[in-house]
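*Asks:* Next comes the structure file upload.txt, holding compact mmCIF, C-alpha atoms.
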```txt
# COMPACT_ATOMS: atom_id res chain seq x y z
CA MET A 103 -9.37 -35.69 6.29
CA ARG A 104 -12.22 -33.47 5.16
CA LEU A 105 -12.31 -29.89 6.48
CA LEU A 106 -15.09 -28.76 8.79
CA PHE A 107 -17.80 -26.30 7.75
CA ILE A 108 -19.60 -23.44 9.51
CA ALA A 109 -22.56 -21.49 8.14
CA LYS A 110 -22.58 -17.69 8.24
CA GLU A 111 -25.35 -17.55 10.84
CA ASP A 112 -23.50 -20.03 13.04
CA LEU A 113 -20.31 -17.97 12.69
CA LYS A 114 -22.19 -15.06 14.29
CA ILE A 115 -23.05 -17.32 17.22
CA LEU A 116 -19.43 -18.46 17.47
CA ILE A 117 -18.24 -14.85 17.60
CA LYS A 118 -20.77 -14.07 20.31
CA ASN A 119 -19.48 -17.02 22.33
CA LEU A 120 -15.85 -16.03 21.84
CA LYS A 121 -16.46 -12.48 23.02
CA ARG A 122 -17.39 -13.78 26.46
CA ASP A 123 -13.87 -15.09 27.02
CA CYS A 124 -11.75 -12.12 25.96
CA ASP A 125 -10.99 -8.55 26.97
CA GLU A 126 -10.79 -7.30 23.39
CA PHE A 127 -12.17 -8.74 20.15
CA ILE A 128 -9.91 -7.26 17.47
CA SER A 129 -11.61 -7.51 14.08
CA PRO A 130 -12.01 -5.67 10.75
CA LYS A 131 -14.50 -2.82 10.72
CA LYS A 132 -15.41 -0.12 8.23
CA GLU A 133 -14.50 3.40 9.27
CA HIS A 134 -14.33 6.83 7.61
CA LEU A 135 -14.56 6.65 3.78
CA ASP A 136 -15.05 2.88 4.09
CA ASP A 137 -11.46 2.28 5.18
CA ILE A 138 -11.11 -1.11 6.82
CA ILE A 139 -9.30 -1.04 10.15
CA PHE A 140 -8.72 -3.53 12.94
CA THR A 141 -10.28 -2.38 16.19
CA ASP A 142 -12.01 -3.71 19.29
CA THR A 143 -15.60 -4.64 18.37
CA LYS A 144 -16.45 -6.58 21.51
CA ILE A 145 -19.10 -4.04 22.51
CA ASP A 146 -20.40 -2.49 19.28
CA GLY A 147 -20.61 -5.76 17.29
CA ASN A 148 -19.76 -4.09 13.96
CA GLU A 149 -17.12 -6.61 12.90
CA LEU A 150 -17.08 -7.71 9.26
CA LEU A 151 -17.60 -11.43 8.73
CA ASP A 152 -16.14 -11.07 5.25
CA TYR A 153 -14.67 -8.10 3.43
CA GLU A 154 -13.01 -6.99 0.21
CA GLY A 155 -9.32 -6.10 0.24
CA ASN A 156 -7.24 -5.73 3.36
CA SER A 157 -7.05 -3.43 6.35
CA VAL A 158 -5.22 -0.10 6.20
CA ILE A 159 -3.06 -1.04 9.19
CA SER A 160 -2.14 -4.62 10.02
CA PRO A 161 -2.87 -6.35 13.36
CA ARG A 162 0.83 -5.92 14.14
CA ALA A 163 -0.10 -2.57 15.71
CA PHE A 164 -1.69 -4.44 18.65
CA LEU A 165 1.33 -6.69 19.25
CA LEU A 166 3.95 -3.98 18.75
CA PRO A 167 2.22 -0.63 19.35
CA GLN A 168 3.62 2.55 17.83
CA THR A 169 4.41 3.66 21.39
CA GLU A 170 4.17 1.61 24.59
CA GLU A 171 5.21 1.94 28.21
CA LEU A 172 7.70 -0.73 29.32
CA PHE A 173 8.67 0.23 32.87
CA LYS A 174 7.74 2.55 35.64
CA ILE A 175 10.96 4.07 36.94
CA GLU A 176 10.39 4.19 40.69
CA SER A 177 13.83 5.63 41.39
CA VAL A 178 16.71 6.55 39.11
CA LYS A 179 19.13 6.73 42.03
CA THR A 180 18.46 3.20 43.27
CA CYS A 181 17.62 1.72 39.81
CA GLU A 182 14.15 0.57 40.83
CA PHE A 183 12.00 -0.48 37.85
CA VAL A 184 8.53 -2.04 37.69
CA SER A 185 7.54 -3.79 34.46
CA ILE A 186 4.28 -2.77 32.78
CA ILE A 187 2.93 -6.03 31.30
CA ASP A 188 -0.14 -6.03 29.07
CA LYS A 189 -2.17 -9.09 30.12
CA LYS A 190 -5.33 -8.42 28.13
CA LYS A 191 -6.84 -11.47 26.44
CA ARG A 192 -7.34 -10.65 22.76
CA ILE A 193 -8.98 -12.55 19.94
CA PHE A 194 -7.92 -11.43 16.48
CA PHE A 195 -10.63 -12.25 13.96
CA GLY A 196 -10.50 -11.90 10.17
CA VAL A 197 -6.72 -11.66 9.85
CA ARG A 198 -5.50 -12.11 6.27
CA PRO A 199 -2.98 -14.90 5.46
CA CYS A 200 -0.24 -12.40 4.56
CA ASP A 201 -0.63 -10.72 7.96
CA ILE A 202 -0.56 -14.00 9.90
CA LYS A 203 2.60 -14.90 7.98
CA ALA A 204 4.01 -11.55 9.06
CA ILE A 205 3.20 -12.31 12.69
CA GLY A 206 5.06 -15.61 12.34
CA LEU A 207 8.11 -13.68 11.12
CA MET A 208 7.75 -11.16 13.95
CA ASN A 209 7.76 -14.07 16.38
CA LYS A 210 11.12 -15.19 15.01
CA PHE A 211 12.58 -11.74 15.62
CA PHE A 212 11.24 -11.40 19.16
CA PHE A 213 11.99 -14.98 20.23
CA ASP A 214 14.96 -16.22 18.16
CA GLU A 215 17.17 -13.14 18.48
CA PHE A 216 16.21 -12.50 22.12
CA ILE A 217 13.17 -13.03 24.34
CA ASP A 218 10.98 -9.94 24.50
CA LEU A 219 8.79 -10.40 27.58
CA PHE A 220 6.32 -7.66 26.61
CA TYR A 221 5.72 -9.04 23.11
CA ARG A 222 5.62 -12.63 24.38
CA GLU A 223 2.93 -11.86 26.93
CA ARG A 224 0.70 -10.22 24.31
CA LEU A 225 1.21 -13.14 21.93
CA ASN A 226 0.51 -15.79 24.60
CA GLN A 227 -2.73 -14.04 25.52
CA SER A 228 -3.91 -13.86 21.89
CA ILE A 229 -5.96 -16.10 19.60
CA PHE A 230 -5.72 -15.65 15.82
CA ILE A 231 -8.58 -16.51 13.47
CA VAL A 232 -7.54 -16.14 9.84
CA LEU A 233 -9.88 -15.26 6.99
CA ALA A 234 -8.45 -16.68 3.75
CA CYS A 235 -8.70 -14.65 0.56
CA GLY A 236 -11.39 -15.49 -1.97
CA ARG A 237 -9.83 -13.09 -4.47
CA ARG A 238 -6.88 -10.73 -4.79
CA CYS A 239 -6.98 -8.29 -1.86
CA ALA A 240 -5.98 -5.12 -3.68
CA THR A 241 -4.45 -3.77 -6.85
CA GLY A 242 -0.72 -4.30 -6.51
CA SER A 243 -0.86 -7.06 -3.90
CA PHE A 244 1.37 -10.02 -4.70
CA CYS A 245 1.05 -12.36 -1.70
CA HIS A 246 0.59 -15.34 -4.03
CA LEU A 247 4.01 -14.63 -5.55
CA MET A 248 5.67 -14.50 -2.11
CA ASP A 249 4.04 -17.77 -0.96
CA THR A 250 2.06 -15.97 1.78
CA GLY A 251 -1.48 -16.29 0.42
CA PRO A 252 -4.28 -16.83 -0.34
CA ILE A 253 -4.28 -19.58 2.33
CA ALA A 254 -2.33 -19.40 5.60
CA ARG A 255 -0.03 -22.30 6.32
CA ASP A 256 0.96 -21.70 9.94
CA SER A 257 0.88 -19.34 12.95
CA PHE A 258 -2.95 -19.38 13.19
CA ASP A 259 -5.36 -20.98 15.64
CA LEU A 260 -8.37 -21.20 13.29
CA GLN A 261 -8.64 -20.50 9.57
CA LEU A 262 -11.88 -19.69 7.76
CA ILE A 263 -11.93 -20.28 4.01
CA PRO A 264 -14.93 -18.51 2.41
CA ILE A 265 -17.12 -20.44 -0.01
CA SER A 266 -20.60 -19.65 -1.37
CA ARG A 267 -22.61 -21.26 1.43
CA GLY A 268 -20.37 -20.37 4.38
CA TYR A 269 -16.80 -21.17 5.46
CA LEU A 270 -14.59 -24.21 5.52
CA VAL A 271 -12.68 -24.37 8.81
CA GLU A 272 -9.15 -25.53 9.60
CA THR A 273 -7.49 -25.74 13.02
CA GLY A 274 -3.85 -24.81 13.46
CA SER A 275 -3.17 -25.09 17.18
CA LYS A 276 -4.30 -26.43 20.53
CA LYS A 277 -6.18 -23.17 21.12
CA GLY A 278 -8.05 -23.63 17.86
CA ARG A 279 -8.98 -27.21 18.65
CA GLN A 280 -10.30 -26.09 22.02
CA ILE A 281 -12.56 -23.52 20.33
CA LEU A 282 -13.98 -26.29 18.14
CA LYS A 283 -14.48 -28.54 21.15
CA ASN A 284 -16.31 -25.81 23.06
CA ASN A 285 -18.58 -25.00 20.10
CA ILE A 286 -18.82 -28.35 18.34
CA ARG A 287 -22.56 -28.02 17.61
CA LEU A 288 -21.89 -25.08 15.30
CA PHE A 289 -19.69 -27.12 12.96
CA ALA A 290 -20.36 -29.83 10.42
CA LYS A 291 -18.23 -31.80 7.99
CA GLY A 292 -17.53 -30.08 4.71
CA THR A 293 -18.85 -31.74 1.58
CA THR A 294 -16.95 -32.84 -1.50
CA ASN A 295 -18.55 -29.95 -3.41
CA ASP A 296 -17.35 -27.49 -0.74
CA GLU A 297 -13.76 -28.58 -1.14
CA LYS A 298 -14.05 -28.59 -4.93
CA GLU A 299 -15.29 -24.99 -4.82
CA MET A 300 -12.38 -24.03 -2.56
CA LYS A 301 -9.85 -25.60 -4.91
CA ASP A 302 -11.39 -23.81 -7.89
CA ILE A 303 -10.99 -20.47 -6.08
CA LEU A 304 -7.38 -21.21 -5.22
CA ARG A 305 -6.56 -22.16 -8.79
CA GLN A 306 -7.51 -18.64 -9.86
CA PHE A 307 -4.66 -17.34 -7.72
CA ARG A 308 -2.20 -19.83 -9.15
CA LYS A 309 -3.27 -19.14 -12.73
CA LYS A 310 -0.36 -17.57 -14.65
CA ALA A 311 1.40 -16.83 -11.33
CA LYS A 312 5.20 -16.73 -11.46
CA GLN A 313 6.55 -17.22 -7.96
CA ILE A 314 9.38 -14.89 -6.99
CA ASP A 315 12.70 -16.63 -6.43
CA PHE A 316 13.51 -14.73 -3.22
CA ARG A 317 16.80 -16.60 -2.69
CA ARG A 318 18.11 -15.45 -6.07
CA LEU A 319 16.79 -11.97 -5.33
CA ALA A 320 18.66 -11.90 -2.01
CA LYS A 321 21.85 -13.00 -3.74
CA ILE A 322 21.60 -10.17 -6.28
CA ILE A 323 21.26 -7.61 -3.49
CA GLU A 324 23.98 -9.22 -1.35
CA ASN A 325 26.43 -9.18 -4.28
CA ASN A 326 25.69 -5.47 -4.84
CA GLU A 327 24.43 -6.13 -8.37
CA VAL A 328 21.61 -3.58 -8.18
CA SER A 329 22.29 -0.60 -10.43
CA GLU A 330 23.20 2.55 -8.49
CA SER A 331 20.72 4.46 -10.64
CA ILE A 332 17.87 2.39 -9.10
CA TRP A 333 18.93 3.34 -5.56
CA LEU A 334 19.32 6.97 -6.60
CA ASP A 335 15.83 7.01 -8.09
CA ILE A 336 14.33 5.48 -4.95
CA GLY A 337 16.21 8.00 -2.79
CA LEU A 338 14.87 10.93 -4.80
CA ARG A 339 11.31 9.64 -4.62
CA CYS A 340 11.32 9.00 -0.85
CA VAL A 341 10.09 11.95 1.25
CA VAL A 342 10.54 10.09 4.58
CA CYS A 343 6.79 10.06 5.28
CA SER A 344 7.36 6.78 7.21
CA GLY A 345 4.31 5.18 5.58
CA CYS A 346 6.22 2.06 4.55
CA VAL A 347 7.68 1.27 7.98
CA SER A 348 4.48 2.27 9.79
CA LEU A 349 2.22 0.03 7.69
CA CYS A 350 4.57 -2.88 6.96
CA PRO A 351 3.33 -5.87 8.99
CA THR A 352 6.88 -7.20 9.54
CA CYS A 353 8.75 -4.03 10.58
CA SER A 354 10.07 -4.73 14.08
CA CYS A 355 12.74 -2.06 14.65
CA PHE A 356 12.30 0.05 17.77
CA SER A 357 14.08 2.47 20.08
CA VAL A 358 13.65 3.18 23.79
CA VAL A 359 13.62 6.46 25.68
CA ASP A 360 13.21 7.48 29.31
CA ARG A 361 10.83 10.28 30.25
CA LEU A 362 11.91 11.50 33.68
CA ASN A 363 10.43 13.84 36.22
CA GLY A 364 13.08 14.17 38.87
CA ASP A 365 13.91 10.74 40.29
CA THR A 366 10.93 8.94 38.71
CA GLY A 367 9.53 8.43 35.23
CA ILE A 368 8.57 6.04 32.45
CA ARG A 369 10.61 4.04 29.97
CA LEU A 370 8.93 3.99 26.55
CA ARG A 371 9.44 1.88 23.46
CA TYR A 372 8.55 3.41 20.09
CA CYS A 373 8.68 2.03 16.57
CA ASP A 374 11.70 3.17 14.60
CA GLY A 375 12.71 2.53 11.02
CA CYS A 376 15.35 2.31 8.32
CA PRO A 377 14.45 5.44 6.30
CA TYR A 378 15.13 7.86 9.15
CA ALA A 379 18.49 9.64 9.03
CA GLY A 380 18.99 9.19 12.79
CA PHE A 381 18.27 5.47 12.76
CA THR A 382 21.98 4.56 12.77
CA ARG A 383 23.33 7.74 14.33
CA MET A 384 26.25 6.83 16.59
CA ALA A 385 27.01 8.21 20.07
CA GLY A 386 29.46 10.76 18.67
CA GLY A 387 26.86 12.03 16.20
CA ASN A 388 28.35 10.32 13.15
CA ILE A 389 25.99 8.68 10.61
CA PRO A 390 27.78 5.84 8.75
CA GLU A 391 25.62 6.25 5.63
CA PRO A 392 24.76 9.97 5.38
CA GLN A 393 23.05 9.86 1.96
CA HIS A 394 19.29 9.48 1.96
CA LYS A 395 19.29 6.87 -0.80
CA ASP A 396 21.15 4.55 1.55
CA HIS A 397 18.56 5.02 4.30
CA ILE A 398 15.65 3.83 2.18
CA ARG A 399 17.93 1.19 0.67
CA ARG A 400 18.15 -0.38 4.14
CA PHE A 401 14.39 -1.01 4.05
CA PHE A 402 14.69 -3.02 0.82
CA GLU A 403 17.82 -4.89 1.94
CA HIS A 404 16.24 -5.80 5.27
CA LYS A 405 13.12 -7.30 3.66
CA LEU A 406 14.67 -8.93 0.62
CA ASN A 407 18.16 -9.94 1.72
CA ILE A 408 18.97 -9.80 5.45
CA ASP A 409 15.86 -11.68 6.59
CA VAL A 410 16.33 -14.31 3.89
CA LYS A 411 19.73 -15.06 5.43
CA ARG A 412 18.28 -14.97 8.96
CA TYR A 413 15.07 -16.93 8.51
CA GLY A 414 15.27 -18.55 5.09
CA VAL A 415 12.38 -16.47 3.69
CA SER A 416 11.82 -12.87 2.68
CA SER A 417 10.03 -10.66 5.21
CA CYS A 418 8.08 -8.97 2.43
CA VAL A 419 4.69 -10.72 2.46
CA GLY A 420 3.31 -9.00 -0.65
CA CYS A 421 0.51 -7.10 1.11
CA ALA A 422 1.29 -3.95 -0.96
CA ARG A 423 0.57 -1.53 1.89
CA CYS A 424 3.87 0.27 1.29
CA ILE A 425 2.97 0.62 -2.40
CA GLN A 426 -0.48 2.02 -1.69
CA THR A 427 0.69 4.58 0.87
CA CYS A 428 3.86 5.89 -0.84
CA PRO A 429 3.46 9.47 -2.18
CA GLY A 430 6.65 9.01 -4.20
CA ASN A 431 5.25 5.99 -6.09
CA ILE A 432 7.99 3.67 -4.83
CA ASN A 433 6.92 0.15 -5.67
CA ILE A 434 8.74 -2.79 -4.08
CA HIS A 435 7.17 -5.23 -6.58
CA ASP A 436 8.44 -3.15 -9.51
CA PHE A 437 11.85 -3.07 -7.84
CA ILE A 438 11.87 -6.87 -7.65
CA ARG A 439 10.85 -7.16 -11.31
CA LYS A 440 13.55 -4.72 -12.38
CA ILE A 441 16.43 -6.55 -10.80
CA THR A 442 15.43 -10.11 -11.64
CA ASN A 443 14.91 -11.77 -14.97
CA HIS A 444 11.43 -12.94 -14.05
CA LYS A 445 10.75 -14.89 -17.22
CA SER A 446 13.71 -17.18 -16.64
CA GLN A 447 12.87 -17.74 -13.00
CA ILE A 448 9.53 -19.54 -13.11
CA PRO A 449 10.07 -22.33 -10.54
CA ASN A 450 8.52 -25.72 -10.81
CA LYS A 451 6.66 -27.22 -7.86
CA SER A 452 9.81 -28.73 -6.37
CA GLN A 453 11.38 -25.27 -6.25
CA ILE A 454 8.50 -23.71 -4.30
CA PRO A 455 9.06 -24.56 -0.60
CA ASN A 456 5.87 -26.02 0.91
CA SER A 457 3.63 -24.04 -1.45
CA ASN A 458 0.24 -23.94 0.27
CA ILE A 459 -1.59 -23.70 -3.05
CA SER A 460 0.13 -26.46 -5.01
CA ASN A 461 0.77 -28.94 -2.20
CA LYS A 462 -1.75 -28.42 0.55
CA TYR A 463 -5.16 -28.10 -1.03
CA VAL A 464 -4.93 -28.51 -4.79
```
Can I see the file as structure tokens?

*Replies:*
Amino acid sequence: MRLLFIAKEDLKILIKNLKRDCDEFISPKKEHLDDIIFTDTKIDGNELLDYEGNSVISPRAFLLPQTEELFKIESVKTCEFVSIIDKKKRIFFGVRPCDIKAIGLMNKFFFDEFIDLFYRERLNQSIFIVLACGRRCATGSFCHLMDTGPIARDSFDLQLIPISRGYLVETGSKKGRQILKNNIRLFAKGTTNDEKEMKDILRQFRKKAKQIDFRRLAKIIENNEVSESIWLDIGLRCVVCSGCVSLCPTCSCFSVVDRLNGDTGIRLRYCDGCPYAGFTRMAGGNIPEPQHKDHIRRFFEHKLNIDVKRYGVSSCVGCARCIQTCPGNINIHDFIRKITNHKSQIPNKSQIPNSNISNKYV
């Protein structure tokens, strides 16, 4: 079935219509020094319909804030708690495929391992409109090697694929189909030339691309086959700035703390992370892995090994935010290249699970 099409001027009308039915319209916007950030543009209308690169911080920050209030503690003595549930209706517009893939992985963590009521409520009240990539987002990005871009495959409600005369449109959920139904006059059927142009763009991503065999990579790490000198080098470079865990769209680790004032107070959740020395500190004060190289090592093992065993895929989506922010020049893509013989691991199409480039559109 041919994809639908929406012109740029009609997309503006669609956005205006969508803003009527939400509390916050979270979209990309240019800020200081032309940094692209996701923020609420419902009022100011300065959202970007299309943009180069990716945002500094991923939309994850709205689903799992750096700090959030979970409960009001009415009484410590009688254990009276009142949940603080965020029920705002949010529409996320212009999310990149790598970031929507990350949200899909976050959903697994917060629903498969346990049910997080606070995260679930935010997710249920959200609509996600993906903006596919027309070109590589940034120097160092490797989403196409991790099978997370340039086209999203799941976890979205609507997907916009930019072409020269507008956008091809794909629905991914009941919410997305309802948006089309409510705004059907703004859409038309895409032409054969539209789809040909889209496929030509996608082929540029696939050109000379060597997909990363993340299962083999996970096995190398699990079998402890990574040279100790590599971990030592990473440990020396890391200054614990927390940029990697703060910007990574799939980091889901958190801690909780109570702030009390007598018998009442607030229970807070705050994002935590592997590189911190106190992350695994035990009740008696002991730290099982006291060396710093082992703290940052946890970050790599979590993304490239543990989550492969949990979910069947790596939780590194190739967005390169950790590479761009690291003052110690730690590069997760270079790490992957170092420990795998990349030339001998070029998979054929049958080895790439559900590749969205080779199987879905091309």

*Asks:* Segment 170-282 of chain A near segment 349-361 of chain A within 10 Å: what's each residue's closest atom pair and its distance in Å to one decimal, counting all atoms listed in the file, ordered by chain then ascending residue number, as a Markdown table?

*Replies:*
```
| residue | atom | partner | partner_atom | distance |
| --- | --- | --- | --- | --- |
| A:Glu170 | CA | A:Val358 | CA | 9.6 |
| A:Glu171 | CA | A:Val358 | CA | 9.6 |
| A:Leu172 | CA | A:Val358 | CA | 9.0 |
| A:Phe173 | CA | A:Asp360 | CA | 9.3 |
| A:Lys174 | CA | A:Asp360 | CA | 9.7 |
| A:Ile175 | CA | A:Asp360 | CA | 8.7 |
| A:Cys200 | CA | A:Pro351 | CA | 8.7 |
| A:Asp201 | CA | A:Pro351 | CA | 6.3 |
| A:Ile202 | CA | A:Pro351 | CA | 9.1 |
| A:Lys203 | CA | A:Thr352 | CA | 8.9 |
| A:Ala204 | CA | A:Thr352 | CA | 5.2 |
| A:Ile205 | CA | A:Thr352 | CA | 7.0 |
| A:Gly206 | CA | A:Thr352 | CA | 9.0 |
| A:Leu207 | CA | A:Thr352 | CA | 6.8 |
| A:Met208 | CA | A:Thr352 | CA | 6.0 |
| A:Asn209 | CA | A:Thr352 | CA | 9.7 |
| A:Phe211 | CA | A:Ser354 | CA | 7.6 |
| A:Phe212 | CA | A:Ser354 | CA | 8.5 |
```

*Asks:* Determine, counting all atoms listed in the file, which protein, DNA and RNA residues have an atom within 10 Å of an atom of Asp152 of chain A; residues of the same chain fewer than 4 positions away are not included. Present the result as an MDAnalysis selection string.

*Replies:* chainID A and resid 110 130 196 233:236 262 264

*Asks:* Nearest residue to Arg439 of chain A out of A:Asn295, A:Gln313, A:Asn363, A:Gln227, using all atoms listed in the file?

*Replies:*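 Nearest to Arg439 of chain A: A:Gln313.
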
*Asks:* When you draw a straight line from atom CA of Phe220 of chain A to atom CA of Ile187 of chain A, how long is it in Å?

*Replies:*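 About the pair atom CA of Phe220 of chain A and atom CA of Ile187 of chain A: they are 6.0 Å apart.
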
*Asks:* Using all atoms listed in the file, which of A:Arg339, A:Arg423, A:His397, A:His246 sits nearest Gly155 of chain A?

*Replies:*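 Answer, going by the shortest atom-to-atom distance: A:Arg423.
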
*Asks:* In Å, rounded to a single decimal, give me how far atom CA of Tyr372 of chain A is from atom CA of Gln168 of chain A.

*Replies:*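 Between atom CA of Gln168 of chain A and atom CA of Tyr372 of chain A the gap is 5.5 Å.
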
*Asks:* I'd like to know which of A:Asp315, A:Ile408, A:Gly387, A:Thr427 is closest to Thr442 of chain A, using all atoms listed in the file.

*Replies:* A:Asp315

*Asks:* My list of candidates is A:Val271, A:Ile117, A:Cys340, A:Val410. Which is closest to Cys428 of chain A when distances are computed with all atoms listed in the file?

*Replies:* A:Cys340

*Asks:* For Gly420 of chain A, which residue among A:Leu247, A:Leu304, A:Ile398, A:Leu406 is the nearest when counting only C-alpha atoms?

*Replies:* A:Leu247

*Asks:* Could you tell me, as a PyMOL selection string, which residues have any atom at most 7 Å from (-8.8, -7.9, 17.7), counting all atoms listed in the file?

*Replies:* chain A and resi 126-129+140-142+192-195

*Asks:* For the residues selected in the previous step, produce a file with C-alpha atoms as a JSON list (two decimals), in the frame of the given file.

*Replies:*
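Saved result, part_20.json, follows:
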```
[["chain", "number", "residue", "atom", "x", "y", "z"],
["A", 126, "GLU", "CA", -10.79, -7.30, 23.39],
["A", 127, "PHE", "CA", -12.17, -8.74, 20.15],
["A", 128, "ILE", "CA", -9.91, -7.26, 17.47],
["A", 129, "SER", "CA", -11.61, -7.51, 14.08],
["A", 140, "PHE", "CA", -8.72, -3.53, 12.94],
["A", 141, "THR", "CA", -10.28, -2.38, 16.19],
["A", 142, "ASP", "CA", -12.01, -3.71, 19.29],
["A", 192, "ARG", "CA", -7.34, -10.65, 22.76],
["A", 193, "ILE", "CA", -8.98, -12.55, 19.94],
["A", 194, "PHE", "CA", -7.92, -11.43, 16.48],
["A", 195, "PHE", "CA", -10.63, -12.25, 13.96]]
```

*Asks:* Need the shell around Lys114 of chain A: protein/DNA/RNA residues with any atom at most 9 Å away, counting all atoms listed in the file. Skip same-chain ones fewer than 5 positions apart. Format as a ChimeraX atom specification?

*Replies:* /A:109,119,151

*Asks:* In the coordinates of the file, take the point (-14.5, -27.8, 16.9) and a cut-off of 12 Å; then, counting only C-alpha atoms, name each qualifying protein, DNA or RNA residue as a ChimeraX atom specification.

*Replies:* /A:105-108,116,259-261,270-291

*Asks:* Please list as a list in words every residue within 12 Å of Arg400 of chain A, counting all atoms listed in the file and excluding residues in the same chain fewer than 3 positions away.

*Replies:* Ile323, Glu324, Trp333, Ile336, Gly337, Val347, Cys353, Cys355, Gly375, Cys376, Pro377, Tyr378, Ala379, Phe381, Thr382, Glu391, Gln393, His394, Lys395, Asp396, His397, Glu403, His404, Lys405, Leu406, Asn407, Ile408 and Asp409 of chain A

*Asks:* In Å, with one decimal, what is the gap from atom CA of Cys245 of chain A to atom CA of Ser417 of chain A?

*Replies:* 11.5 Å

*Asks:* Rank A:Arg399, A:Arg369, A:Arg305, A:Ser243 by their smallest atom-to-atom distance to Gln426 of chain A, using only C-alpha atoms, and report the top residue only.

*Replies:*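 Ranking A:Arg399, A:Arg369, A:Arg305, A:Ser243 by distance to Gln426 of chain A, first place goes to A:Ser243.
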